[in-house]
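The structure appears right after this line, and notes come after that.
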Amino acid sequence: MHFDQILSAIDGFGKYQKILYVWICLPQVLLAFHMMVSIFTGATPPFRCRETSSSPGAGNQTLSLSDAFAGNLSLSEAHSSCFSSEALPLLEGDNGTERVPCGHGWVYSKETFQSTTVTEWDLVCSRAGLNSLGSSVYMSGLLVGSVLFGAMADRYGRRFVLLLSIALQTVFGVAVAFAPNFPVYVILRFAVGTTISGVIINAFILGTEWTCTKRRMLAGILTDYTFGLGYMLLAGVAYLIRDWRKLQLAISAPGFLLIFYIRVLPQSARWLLAKDRREEAIALLHKAALVNGRVLPPAVQAEKWEFLGGSKRSHSPIDLVRTPQMRKRSVILFYLWFVNVLVYYGLSLGVSRLGTDLYLTQFVFGLVEIPARSLVLVVLPFSRRLTQSGFLAVGGLACLLMLVVPADHPNVLTGLAMVGKFGITASFAVIYVYTAEIFPTVVRQTGIGVSSMFARMGGVLAPVINMLDNHSPATPLIIFGTSPLLGAVLALALPETADRHLPDTLEDVENWDVRSAPILETLEADEDFGPAESPSEKQELQHLAS
(Lines give C-alpha, C1' and ligand atoms only; values in the text may rest on other atoms or scores of the structure.)
Protein backbone atom coordinates (compact mmCIF):
# COMPACT_ATOMS: atom_id res chain seq x y z
CA MET A 1 0.00 0.00 0.00
CA HIS A 2 0.92 3.64 -0.50
CA PHE A 3 1.62 5.49 2.76
CA ASP A 4 -1.01 8.15 1.99
CA GLN A 5 -3.53 5.37 1.47
CA ILE A 6 -2.76 4.10 4.96
CA LEU A 7 -3.25 7.61 6.41
CA SER A 8 -6.63 7.84 4.69
CA ALA A 9 -7.57 4.39 6.00
CA ILE A 10 -6.87 5.37 9.62
CA ASP A 11 -8.43 8.87 9.15
CA GLY A 12 -5.72 11.27 8.02
CA PHE A 13 -7.09 14.15 10.09
CA GLY A 14 -8.78 12.42 13.00
CA LYS A 15 -8.48 12.91 16.73
CA TYR A 16 -4.85 11.75 16.76
CA GLN A 17 -3.80 14.36 14.18
CA LYS A 18 -5.83 17.12 15.80
CA ILE A 19 -4.15 16.49 19.15
CA LEU A 20 -0.79 16.53 17.36
CA TYR A 21 -1.59 19.90 15.84
CA VAL A 22 -2.36 21.29 19.29
CA TRP A 23 1.20 20.39 20.27
CA ILE A 24 2.52 21.85 17.01
CA CYS A 25 0.62 25.13 17.37
CA LEU A 26 1.72 25.95 20.93
CA PRO A 27 5.37 26.64 19.98
CA GLN A 28 4.16 28.88 17.13
CA VAL A 29 3.06 31.47 19.70
CA LEU A 30 6.57 31.52 21.15
CA LEU A 31 8.03 31.77 17.64
CA ALA A 32 6.04 34.95 17.02
CA PHE A 33 7.29 36.33 20.34
CA HIS A 34 10.93 35.81 19.39
CA MET A 35 10.50 37.03 15.81
CA MET A 36 8.91 40.35 16.76
CA VAL A 37 10.18 41.10 20.27
CA SER A 38 13.01 43.31 19.00
CA ILE A 39 10.36 45.89 18.06
CA PHE A 40 10.05 46.54 21.81
CA THR A 41 13.39 45.42 23.25
CA GLY A 42 15.32 47.36 20.60
CA ALA A 43 13.12 50.47 20.51
CA THR A 44 14.73 53.91 20.56
CA PRO A 45 12.95 56.34 22.92
CA PRO A 46 13.45 60.14 22.74
CA PHE A 47 16.89 61.15 24.05
CA ARG A 48 19.29 64.06 24.46
CA CYS A 49 22.84 64.57 25.64
CA ARG A 50 23.68 64.14 29.30
CA GLU A 51 25.25 67.44 30.26
CA THR A 52 28.20 67.96 32.59
CA SER A 53 27.61 69.22 36.11
CA SER A 54 28.82 72.69 35.13
CA SER A 55 26.42 73.02 32.21
CA PRO A 56 23.16 74.98 32.47
CA GLY A 57 20.26 72.71 33.30
CA ALA A 58 22.57 69.96 34.48
CA GLY A 59 20.68 69.67 37.69
CA ASN A 60 17.70 68.19 35.90
CA GLN A 61 18.80 65.07 34.06
CA THR A 62 15.36 63.66 33.42
CA LEU A 63 13.70 63.71 30.01
CA SER A 64 10.05 63.53 29.15
CA LEU A 65 8.14 63.59 25.89
CA SER A 66 6.66 66.96 26.77
CA ASP A 67 9.99 68.72 27.24
CA ALA A 68 11.73 66.88 24.39
CA PHE A 69 9.70 65.85 21.36
CA ALA A 70 6.55 63.81 21.01
CA GLY A 71 6.31 60.63 18.96
CA ASN A 72 9.21 59.27 16.99
CA LEU A 73 12.47 61.07 16.41
CA SER A 74 12.63 63.07 13.21
CA LEU A 75 15.86 63.21 11.24
CA SER A 76 16.79 66.70 12.44
CA GLU A 77 15.81 66.00 16.05
CA ALA A 78 17.77 62.78 16.21
CA HIS A 79 20.78 64.58 14.73
CA SER A 80 20.57 67.48 17.18
CA SER A 81 20.26 65.03 20.07
CA CYS A 82 23.69 63.69 19.20
CA PHE A 83 25.43 66.95 20.10
CA SER A 84 25.94 68.74 23.35
CA SER A 85 24.52 72.17 24.03
CA GLU A 86 28.07 73.24 24.80
CA ALA A 87 29.89 74.90 21.90
CA LEU A 88 33.58 75.52 21.22
CA PRO A 89 35.01 78.38 19.10
CA LEU A 90 36.23 77.25 15.70
CA LEU A 91 39.35 79.39 15.54
CA GLU A 92 40.87 82.15 17.61
CA GLY A 93 39.24 85.39 16.71
CA ASP A 94 36.42 83.63 14.85
CA ASN A 95 32.90 84.21 16.05
CA GLY A 96 31.76 80.77 14.85
CA THR A 97 31.36 77.76 17.12
CA GLU A 98 31.83 74.03 16.69
CA ARG A 99 29.18 71.52 17.77
CA VAL A 100 30.48 69.07 20.33
CA PRO A 101 29.42 65.40 20.29
CA CYS A 102 27.94 64.06 23.49
CA GLY A 103 30.80 63.19 25.80
CA HIS A 104 28.87 62.09 28.86
CA GLY A 105 26.28 59.75 27.39
CA TRP A 106 22.59 60.36 26.88
CA VAL A 107 19.42 60.80 28.89
CA TYR A 108 16.43 58.78 27.65
CA SER A 109 12.72 59.22 28.10
CA LYS A 110 11.13 56.56 30.31
CA GLU A 111 7.54 57.43 29.54
CA THR A 112 7.13 54.47 27.16
CA PHE A 113 10.01 52.12 27.97
CA GLN A 114 11.72 51.55 31.27
CA SER A 115 14.75 50.19 29.44
CA THR A 116 15.70 48.81 26.02
CA THR A 117 18.91 47.51 24.50
CA VAL A 118 19.32 50.96 22.97
CA THR A 119 19.17 52.78 26.30
CA GLU A 120 21.34 50.23 28.10
CA TRP A 121 24.16 50.21 25.56
CA ASP A 122 23.68 53.69 24.03
CA LEU A 123 22.88 52.46 20.51
CA VAL A 124 22.18 55.96 19.21
CA CYS A 125 23.89 58.50 16.97
CA SER A 126 27.10 56.97 15.60
CA ARG A 127 26.20 53.60 17.16
CA ALA A 128 22.58 53.53 15.91
CA GLY A 129 23.49 51.19 13.06
CA LEU A 130 24.42 48.45 15.53
CA ASN A 131 20.76 48.02 16.43
CA SER A 132 19.78 47.15 12.85
CA LEU A 133 22.91 45.07 12.48
CA GLY A 134 21.80 42.97 15.43
CA SER A 135 18.46 42.30 13.71
CA SER A 136 20.23 41.28 10.51
CA VAL A 137 22.48 38.88 12.41
CA TYR A 138 19.38 37.37 14.00
CA MET A 139 17.79 36.87 10.56
CA SER A 140 20.98 35.25 9.29
CA GLY A 141 20.63 32.79 12.16
CA LEU A 142 17.35 31.65 10.61
CA LEU A 143 19.19 30.91 7.36
CA VAL A 144 21.88 28.89 9.15
CA GLY A 145 19.27 27.07 11.23
CA SER A 146 17.23 26.02 8.20
CA VAL A 147 20.28 24.29 6.75
CA LEU A 148 21.57 22.84 10.04
CA PHE A 149 18.36 21.56 11.59
CA GLY A 150 16.90 20.52 8.24
CA ALA A 151 19.82 18.16 7.66
CA MET A 152 19.69 16.89 11.24
CA ALA A 153 15.98 16.09 10.90
CA ASP A 154 16.61 13.82 7.93
CA ARG A 155 19.24 11.94 9.91
CA TYR A 156 17.92 11.87 13.48
CA GLY A 157 14.19 12.29 12.95
CA ARG A 158 11.69 15.13 13.24
CA ARG A 159 10.75 14.46 16.86
CA PHE A 160 14.29 14.55 18.25
CA VAL A 161 15.30 17.69 16.38
CA LEU A 162 12.04 19.46 17.24
CA LEU A 163 12.52 18.71 20.95
CA LEU A 164 16.16 19.79 20.72
CA SER A 165 15.22 23.04 18.95
CA ILE A 166 12.57 23.92 21.54
CA ALA A 167 14.99 23.21 24.37
CA LEU A 168 17.81 25.29 22.84
CA GLN A 169 15.42 28.09 21.93
CA THR A 170 14.31 28.28 25.56
CA VAL A 171 17.84 28.15 26.99
CA PHE A 172 19.30 30.70 24.57
CA GLY A 173 16.22 32.91 24.87
CA VAL A 174 16.58 33.07 28.64
CA ALA A 175 20.33 33.64 28.27
CA VAL A 176 19.65 36.69 26.09
CA ALA A 177 17.93 38.32 29.07
CA PHE A 178 21.21 38.12 31.02
CA ALA A 179 23.57 39.26 28.22
CA PRO A 180 26.31 41.40 29.82
CA ASN A 181 27.08 43.41 26.69
CA PHE A 182 25.88 44.00 23.16
CA PRO A 183 28.22 41.56 21.32
CA VAL A 184 27.10 38.70 23.59
CA TYR A 185 23.49 39.78 23.09
CA VAL A 186 23.88 39.58 19.30
CA ILE A 187 25.54 36.16 19.45
CA LEU A 188 22.80 34.77 21.66
CA ARG A 189 20.11 36.23 19.41
CA PHE A 190 21.80 34.56 16.45
CA ALA A 191 21.61 31.26 18.33
CA VAL A 192 17.90 31.84 19.02
CA GLY A 193 17.40 32.49 15.30
CA THR A 194 18.92 29.15 14.35
CA THR A 195 16.62 27.32 16.77
CA ILE A 196 13.58 29.18 15.41
CA SER A 197 14.20 27.57 12.02
CA GLY A 198 14.57 24.19 13.70
CA VAL A 199 11.14 24.52 15.31
CA ILE A 200 9.46 25.88 12.17
CA ILE A 201 10.80 23.20 9.84
CA ASN A 202 10.33 20.16 12.01
CA ALA A 203 6.98 21.11 13.54
CA PHE A 204 5.52 21.62 10.13
CA ILE A 205 7.06 18.51 8.56
CA LEU A 206 5.97 16.36 11.49
CA GLY A 207 2.39 17.56 11.11
CA THR A 208 2.48 17.21 7.34
CA GLU A 209 3.73 13.63 7.47
CA TRP A 210 0.88 12.63 9.77
CA THR A 211 -1.88 14.40 7.78
CA CYS A 212 -3.78 13.22 4.71
CA THR A 213 -3.45 15.07 1.42
CA LYS A 214 -6.75 16.97 1.43
CA ARG A 215 -6.27 18.42 4.92
CA ARG A 216 -2.66 19.55 4.73
CA MET A 217 -3.36 23.03 3.45
CA LEU A 218 -5.99 23.61 6.15
CA ALA A 219 -3.62 22.28 8.80
CA GLY A 220 -0.86 24.58 7.61
CA ILE A 221 -3.13 27.61 7.80
CA LEU A 222 -4.06 26.70 11.37
CA THR A 223 -0.41 27.06 12.35
CA ASP A 224 -0.27 30.40 10.53
CA TYR A 225 -3.26 31.63 12.53
CA THR A 226 -1.47 30.61 15.73
CA PHE A 227 1.57 32.64 14.67
CA GLY A 228 -0.74 35.63 14.18
CA LEU A 229 -2.16 35.04 17.66
CA GLY A 230 1.35 35.20 19.10
CA TYR A 231 1.94 38.37 17.11
CA MET A 232 -1.05 39.99 18.85
CA LEU A 233 -0.31 38.58 22.31
CA LEU A 234 3.18 40.05 22.22
CA ALA A 235 1.70 43.55 22.13
CA GLY A 236 -0.12 42.86 25.40
CA VAL A 237 2.87 41.25 27.10
CA ALA A 238 5.15 44.12 26.05
CA TYR A 239 2.59 46.66 27.25
CA LEU A 240 2.67 45.13 30.72
CA ILE A 241 6.45 44.62 30.86
CA ARG A 242 8.45 47.72 29.87
CA ASP A 243 11.92 46.49 30.89
CA TRP A 244 13.63 44.69 27.99
CA ARG A 245 15.35 42.03 30.13
CA LYS A 246 12.15 41.11 31.96
CA LEU A 247 10.26 41.05 28.65
CA GLN A 248 12.84 38.76 27.06
CA LEU A 249 12.61 36.48 30.08
CA ALA A 250 8.80 36.51 29.95
CA ILE A 251 8.66 35.35 26.31
CA SER A 252 11.40 32.73 26.72
CA ALA A 253 10.77 31.04 30.08
CA PRO A 254 7.39 29.52 29.04
CA GLY A 255 9.38 27.22 26.79
CA PHE A 256 10.32 25.22 29.88
CA LEU A 257 6.64 24.31 30.25
CA LEU A 258 6.89 22.32 27.03
CA ILE A 259 9.07 19.71 28.69
CA PHE A 260 6.04 17.39 28.65
CA TYR A 261 6.50 17.18 24.86
CA ILE A 262 9.00 14.42 25.59
CA ARG A 263 6.02 12.23 26.55
CA VAL A 264 3.35 13.34 24.08
CA LEU A 265 5.16 14.20 20.84
CA PRO A 266 5.22 11.25 18.40
CA GLN A 267 7.84 10.38 15.85
CA SER A 268 7.01 10.52 12.14
CA ALA A 269 5.86 7.09 10.95
CA ARG A 270 6.78 8.09 7.40
CA TRP A 271 10.33 8.91 8.47
CA LEU A 272 10.61 5.64 10.41
CA LEU A 273 9.62 3.69 7.31
CA ALA A 274 12.14 5.62 5.22
CA LYS A 275 14.81 4.56 7.73
CA ASP A 276 13.56 0.93 7.59
CA ARG A 277 12.41 1.02 11.22
CA ARG A 278 9.27 -0.83 10.26
CA GLU A 279 8.15 -2.19 13.62
CA GLU A 280 8.23 1.22 15.29
CA ALA A 281 6.29 2.75 12.41
CA ILE A 282 3.57 0.06 12.50
CA ALA A 283 3.24 0.47 16.28
CA LEU A 284 2.66 4.22 15.85
CA LEU A 285 0.15 3.62 13.05
CA HIS A 286 -1.70 1.15 15.27
CA LYS A 287 -1.87 3.77 18.03
CA ALA A 288 -3.10 6.46 15.63
CA ALA A 289 -5.77 4.12 14.25
CA LEU A 290 -6.92 3.26 17.77
CA VAL A 291 -7.22 6.92 18.81
CA ASN A 292 -9.11 7.70 15.60
CA GLY A 293 -11.47 4.76 16.08
CA ARG A 294 -10.20 2.99 12.97
CA VAL A 295 -8.50 -0.33 12.20
CA LEU A 296 -5.06 -0.52 10.59
CA PRO A 297 -5.41 -2.32 7.22
CA PRO A 298 -3.97 -5.86 7.21
CA ALA A 299 -2.02 -5.06 4.04
CA VAL A 300 0.33 -2.92 6.12
CA GLN A 301 1.78 -6.14 7.51
CA ALA A 302 2.91 -7.24 4.03
CA GLU A 303 6.59 -7.70 3.39
CA LYS A 304 6.86 -5.00 0.74
CA TRP A 305 4.77 -1.94 -0.01
CA GLU A 306 5.28 1.36 -1.73
CA PHE A 307 6.62 4.27 0.28
CA LEU A 308 6.46 7.73 -1.19
CA GLY A 309 9.70 9.63 -0.87
CA GLY A 310 12.03 6.67 -0.64
CA SER A 311 13.44 7.08 -4.12
CA LYS A 312 16.63 9.05 -4.61
CA ARG A 313 16.70 12.14 -6.77
CA SER A 314 19.22 12.49 -9.54
CA HIS A 315 18.60 16.16 -10.24
CA SER A 316 20.64 19.10 -8.94
CA PRO A 317 20.00 22.83 -8.41
CA ILE A 318 21.58 23.46 -11.81
CA ASP A 319 18.47 21.94 -13.37
CA LEU A 320 16.49 24.94 -12.10
CA VAL A 321 18.25 27.18 -14.62
CA ARG A 322 19.34 24.69 -17.29
CA THR A 323 16.41 25.05 -19.70
CA PRO A 324 14.84 28.34 -20.92
CA GLN A 325 11.33 28.09 -19.45
CA MET A 326 12.52 26.58 -16.18
CA ARG A 327 15.18 29.28 -15.88
CA LYS A 328 12.66 32.08 -16.42
CA ARG A 329 10.22 30.71 -13.87
CA SER A 330 12.90 29.92 -11.29
CA VAL A 331 14.41 33.41 -11.41
CA ILE A 332 10.97 35.02 -11.05
CA LEU A 333 10.00 32.78 -8.14
CA PHE A 334 13.31 33.41 -6.35
CA TYR A 335 12.70 37.15 -6.68
CA LEU A 336 9.12 36.85 -5.42
CA TRP A 337 10.28 34.94 -2.35
CA PHE A 338 12.98 37.53 -1.69
CA VAL A 339 10.51 40.42 -2.02
CA ASN A 340 7.80 38.84 0.13
CA VAL A 341 10.11 38.31 3.08
CA LEU A 342 11.90 41.65 2.57
CA VAL A 343 8.68 43.69 2.68
CA TYR A 344 6.94 41.52 5.30
CA TYR A 345 9.68 42.00 7.86
CA GLY A 346 10.50 45.50 6.64
CA LEU A 347 6.98 46.66 7.52
CA SER A 348 6.74 44.53 10.66
CA LEU A 349 10.04 45.72 12.14
CA GLY A 350 9.45 49.35 11.10
CA VAL A 351 6.19 49.71 13.00
CA SER A 352 7.82 51.94 15.63
CA ARG A 353 8.38 54.71 13.04
CA LEU A 354 4.68 55.23 12.27
CA GLY A 355 4.14 57.74 15.07
CA THR A 356 1.10 56.03 16.60
CA ASP A 357 0.71 53.98 19.76
CA LEU A 358 3.29 51.21 19.32
CA TYR A 359 1.41 48.58 21.29
CA LEU A 360 -1.95 49.09 19.56
CA THR A 361 -0.30 49.19 16.13
CA GLN A 362 1.57 45.97 16.83
CA PHE A 363 -1.68 44.30 17.86
CA VAL A 364 -3.50 45.39 14.70
CA PHE A 365 -0.54 44.37 12.52
CA GLY A 366 -0.97 40.86 13.89
CA LEU A 367 -4.74 41.03 13.56
CA VAL A 368 -4.66 41.82 9.81
CA GLU A 369 -2.90 38.52 9.14
CA ILE A 370 -6.09 36.58 9.93
CA PRO A 371 -8.35 38.15 7.26
CA ALA A 372 -5.44 38.23 4.81
CA ARG A 373 -4.89 34.48 4.99
CA SER A 374 -8.64 33.83 5.06
CA LEU A 375 -9.15 35.84 1.87
CA VAL A 376 -6.51 33.73 0.15
CA LEU A 377 -8.61 30.63 0.77
CA VAL A 378 -11.51 32.30 -1.04
CA VAL A 379 -9.76 33.70 -4.14
CA LEU A 380 -6.94 31.21 -4.68
CA PRO A 381 -9.02 28.51 -6.46
CA PHE A 382 -9.86 30.95 -9.28
CA SER A 383 -6.32 31.99 -10.25
CA ARG A 384 -2.87 31.60 -8.78
CA ARG A 385 -1.17 34.04 -11.16
CA LEU A 386 -3.59 36.97 -10.87
CA THR A 387 -3.97 36.49 -7.11
CA GLN A 388 -0.21 36.55 -6.61
CA SER A 389 0.22 39.62 -8.80
CA GLY A 390 -2.74 41.45 -7.28
CA PHE A 391 -1.70 41.07 -3.66
CA LEU A 392 1.87 42.12 -4.46
CA ALA A 393 0.53 45.22 -6.18
CA VAL A 394 -1.63 46.08 -3.15
CA GLY A 395 1.36 45.79 -0.84
CA GLY A 396 3.62 47.88 -3.08
CA LEU A 397 1.10 50.64 -3.83
CA ALA A 398 0.27 51.06 -0.15
CA CYS A 399 3.95 51.64 0.64
CA LEU A 400 4.34 54.19 -2.16
CA LEU A 401 1.21 56.06 -1.08
CA MET A 402 2.79 56.51 2.34
CA LEU A 403 5.33 58.79 0.65
CA VAL A 404 2.71 61.45 -0.12
CA VAL A 405 1.17 61.50 3.36
CA PRO A 406 2.57 64.23 5.65
CA ALA A 407 4.33 63.06 8.79
CA ASP A 408 1.79 64.93 10.93
CA HIS A 409 -0.91 62.43 9.85
CA PRO A 410 0.29 59.30 11.68
CA ASN A 411 -3.12 57.60 11.61
CA VAL A 412 -3.24 57.76 7.81
CA LEU A 413 0.32 56.44 7.59
CA THR A 414 -0.55 53.59 9.92
CA GLY A 415 -3.67 52.75 7.91
CA LEU A 416 -1.66 52.54 4.68
CA ALA A 417 1.01 50.47 6.40
CA MET A 418 -1.67 48.02 7.49
CA VAL A 419 -3.00 47.79 3.94
CA GLY A 420 0.54 47.05 2.80
CA LYS A 421 0.93 44.43 5.51
CA PHE A 422 -2.39 42.88 4.48
CA GLY A 423 -1.31 42.65 0.84
CA ILE A 424 2.12 41.22 1.49
CA THR A 425 0.79 38.70 4.04
CA ALA A 426 -1.76 37.45 1.51
CA SER A 427 0.94 37.31 -1.17
CA PHE A 428 3.07 35.31 1.23
CA ALA A 429 0.28 32.77 1.63
CA VAL A 430 -0.24 32.46 -2.14
CA ILE A 431 3.38 31.88 -2.99
CA TYR A 432 3.51 28.76 -0.80
CA VAL A 433 1.14 26.98 -3.12
CA TYR A 434 2.14 28.64 -6.37
CA THR A 435 5.81 27.76 -6.07
CA ALA A 436 5.15 24.09 -5.42
CA GLU A 437 2.79 23.91 -8.41
CA ILE A 438 5.24 25.53 -10.84
CA PHE A 439 8.34 23.49 -9.99
CA PRO A 440 8.15 20.02 -11.58
CA THR A 441 8.15 16.98 -9.34
CA VAL A 442 11.75 16.00 -10.13
CA VAL A 443 13.15 19.31 -8.79
CA ARG A 444 10.32 20.50 -6.54
CA GLN A 445 12.14 20.00 -3.24
CA THR A 446 15.34 21.47 -4.70
CA GLY A 447 13.45 24.54 -5.90
CA ILE A 448 11.85 24.95 -2.50
CA GLY A 449 15.25 24.83 -0.82
CA VAL A 450 16.78 27.46 -3.09
CA SER A 451 13.68 29.64 -2.68
CA SER A 452 14.23 29.43 1.08
CA MET A 453 17.73 30.82 0.71
CA PHE A 454 16.49 33.85 -1.23
CA ALA A 455 13.70 34.36 1.31
CA ARG A 456 16.18 34.47 4.18
CA MET A 457 18.34 36.97 2.27
CA GLY A 458 15.34 39.28 2.20
CA GLY A 459 14.97 38.85 5.95
CA VAL A 460 18.62 39.78 6.49
CA LEU A 461 18.35 42.93 4.36
CA ALA A 462 15.05 44.20 5.83
CA PRO A 463 16.61 45.69 9.03
CA VAL A 464 19.44 47.22 6.98
CA ILE A 465 16.99 48.97 4.66
CA ASN A 466 14.99 50.22 7.64
CA MET A 467 18.22 51.73 8.96
CA LEU A 468 18.32 54.01 5.88
CA ASP A 469 15.39 55.87 7.44
CA ASN A 470 17.90 57.68 9.65
CA HIS A 471 19.41 59.35 6.58
CA SER A 472 16.48 59.43 4.16
CA PRO A 473 12.99 58.55 5.49
CA ALA A 474 11.66 58.05 1.96
CA THR A 475 14.24 55.47 0.87
CA PRO A 476 12.84 52.41 2.74
CA LEU A 477 9.32 53.15 1.49
CA ILE A 478 10.54 53.51 -2.08
CA ILE A 479 12.28 50.14 -1.87
CA PHE A 480 9.36 48.44 -0.10
CA GLY A 481 6.97 49.95 -2.66
CA THR A 482 8.74 49.45 -5.98
CA SER A 483 10.10 45.96 -5.35
CA PRO A 484 6.62 44.35 -4.88
CA LEU A 485 5.29 46.23 -7.92
CA LEU A 486 8.12 44.79 -9.99
CA GLY A 487 7.24 41.40 -8.55
CA ALA A 488 3.57 41.93 -9.50
CA VAL A 489 4.58 42.52 -13.12
CA LEU A 490 6.96 39.55 -13.17
CA ALA A 491 4.29 37.28 -11.66
CA LEU A 492 2.18 37.85 -14.78
CA ALA A 493 4.91 36.10 -16.77
CA LEU A 494 4.36 32.89 -14.78
CA PRO A 495 1.93 30.22 -15.98
CA GLU A 496 -1.53 29.73 -14.53
CA THR A 497 -1.64 26.51 -12.50
CA ALA A 498 -5.22 26.53 -11.20
CA ASP A 499 -7.16 23.47 -12.42
CA ARG A 500 -4.25 22.19 -14.49
CA HIS A 501 -2.12 19.10 -14.46
CA LEU A 502 1.15 19.70 -12.64
CA PRO A 503 4.52 19.23 -14.35
CA ASP A 504 6.47 16.14 -13.36
CA THR A 505 9.60 16.57 -15.50
CA LEU A 506 11.66 19.41 -16.94
CA GLU A 507 10.28 18.50 -20.35
CA ASP A 508 6.78 19.10 -19.04
CA VAL A 509 7.80 22.64 -18.09
CA GLU A 510 9.19 23.36 -21.55
CA ASN A 511 6.01 21.99 -23.19
CA TRP A 512 3.58 23.52 -20.68
CA ASP A 513 1.34 25.26 -23.24
CA VAL A 514 0.95 22.04 -25.21
CA ARG A 515 0.20 19.64 -22.36
CA SER A 516 -1.63 21.67 -19.69
CA ALA A 517 -5.19 22.32 -20.77
CA PRO A 518 -7.62 23.18 -17.96
CA ILE A 519 -9.08 20.11 -16.29
CA LEU A 520 -12.40 21.03 -14.71
CA GLU A 521 -12.98 17.48 -13.71
CA THR A 522 -10.08 17.64 -11.26
CA LEU A 523 -11.49 20.46 -9.14
CA GLU A 524 -11.41 18.12 -6.16
CA ALA A 525 -7.68 18.73 -6.00
CA ASP A 526 -8.43 22.35 -5.20
CA GLU A 527 -9.79 21.31 -1.81
CA ASP A 528 -6.16 21.30 -0.81
CA PHE A 529 -5.32 24.28 -3.06
CA GLY A 530 -2.30 22.51 -4.42
CA PRO A 531 -0.82 19.52 -6.23
CA ALA A 532 -2.63 16.32 -5.44
CA GLU A 533 0.08 14.37 -7.22
CA SER A 534 2.89 15.51 -4.92
CA PRO A 535 1.41 17.05 -1.77
CA SER A 536 4.40 16.46 0.46
CA GLU A 537 6.66 18.59 -1.71
CA LYS A 538 4.07 21.36 -1.84
CA GLN A 539 3.54 21.46 1.88
CA GLU A 540 7.24 21.49 2.79
CA LEU A 541 7.17 25.09 1.63
CA GLN A 542 4.93 26.07 4.53
CA HIS A 543 7.77 26.07 7.06
CA LEU A 544 9.37 29.05 5.36
CA ALA A 545 6.68 31.44 6.45
CA SER A 546 7.80 32.72 9.77
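A note on labels: chains of the C-alpha coordinates are A, B, ... as shown, every chain counts residues from 1, and ligands are counted from 1 in their shown order.
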
| message | So that I can see what lies close to region 353-365 of chain A, please list as a list of chain:residue names the residues with an atom at most 9 Å from it, counting only C-alpha atoms and leaving out residues fewer than 6 positions away in the same chain. | response | A:Ile39, A:Phe40, A:Ala70, A:Gly71, A:Asn72, A:Leu73, A:Gly228, A:Tyr231, A:Met232, A:Leu233, A:Leu234, A:Ala235, A:Gly236, A:Ala238, A:Tyr239, A:Ala407, A:Asp408, A:His409, A:Pro410, A:Asn411, A:Leu413, A:Thr414, A:Ala417, A:Met418, A:Lys421, A:Phe422

| task | Check the smallest atom-to-atom distance from each of A:Val118, A:Ser136, A:His34, A:Ile201 to Leu148 (chain A) using only C-alpha atoms, then report the winner. | result | A:Ile201

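Comparing the minimum interatomic distances between Ala250 (chain A) and each of A:Val237, A:Val192, A:Leu265, A:Ala299, counting only C-alpha atoms, we find that A:Val237 sits nearest.
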
| field | Residues near Gly396 (chain A), cut-off 12 Å, only C-alpha atoms, skip fewer than 2 positions along chain, as a PyMOL selection string | value | chain A and resi 339-340+342-344+347+389-394+398-403+416-425+427+476-489

| remark: One residue among A:Val184, A:Gly129, A:Trp271, A:Lys246 is nearest to Ala153 (chain A) when using only C-alpha atoms, and that residue is A:Trp271

| request: Find the residues around region 7-13 of chain A up to 10 Å (only C-alpha atoms counted), leave out those fewer than 6 positions away in its own chain, and share them as a PyMOL selection string. | output: chain A and resi 19-21+209-216+219+285-297

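In terms of minimum interatomic distance to Ala128 (chain A), A:Asn470 ranks closest within A:Gln267, A:Thr223, A:Ser38, A:Asn470, counting only C-alpha atoms.
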
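Pairwise distance (CA of Ser165 (chain A), CA of Thr195 (chain A)) equals 5.0 Å.
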
| task | One decimal, Å: what's the distance from CA of Tyr225 (chain A) over to CA of Ser374 (chain A), could you say? | result | 9.5 Å

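With only C-alpha atoms as the basis for measurement, A:Asn181 is the residue among A:Ser330, A:Ser81, A:Asn181, A:Gln5 that approaches Trp121 (chain A) most closely.
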
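Each of A:Ile200, A:Ile241, A:Leu163, A:Ala429 was checked against Pro266 (chain A) using only C-alpha atoms; the smallest atom-to-atom distance is that of A:Leu163.
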
| task | Write out as a list in words which residues come within 12 Å of Ser383 (chain A) when counting only C-alpha atoms, dropping same-chain ones fewer than 4 positions away. | result | Val376, Leu377, Val378, Val379, Thr387, Gln388, Ser389, Gly390, Val430, Val433, Tyr434, Ala491, Leu492, Leu494, Pro495, Glu496, Thr497, Ala498, Asp499, Arg500, Pro518, Asp526, Phe529 and Gly530 of chain A

| Could you write out, as an MDAnalysis selection string, all the residues of region 338-518 of chain A that DSSP marks as alpha helix (DSSP H)? | chainID A and resid 338:349 358:367 369:379 384:401 410:438 444:467 474:491 506:510 512:515

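For the pair CA of Arg155 (chain A) and CA of Leu206 (chain A), the separation is 14.1 Å.
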
Using only C-alpha atoms, find each residue of region 204-304 of chain A with at least one atom at most 9 Å away from an atom of region 110-115 of chain A; report its shortest atom-to-atom pair and that distance in Å (one decimal), sort the rows by chain and rising residue number, and return the result as CSV.
```
residue,atom,partner,partner_atom,distance
A:Ile241,CA,A:Gln114,CA,8.7
A:Arg242,CA,A:Phe113,CA,5.0
A:Asp243,CA,A:Ser115,CA,4.9
A:Trp244,CA,A:Ser115,CA,5.8
A:Arg245,CA,A:Ser115,CA,8.2
```
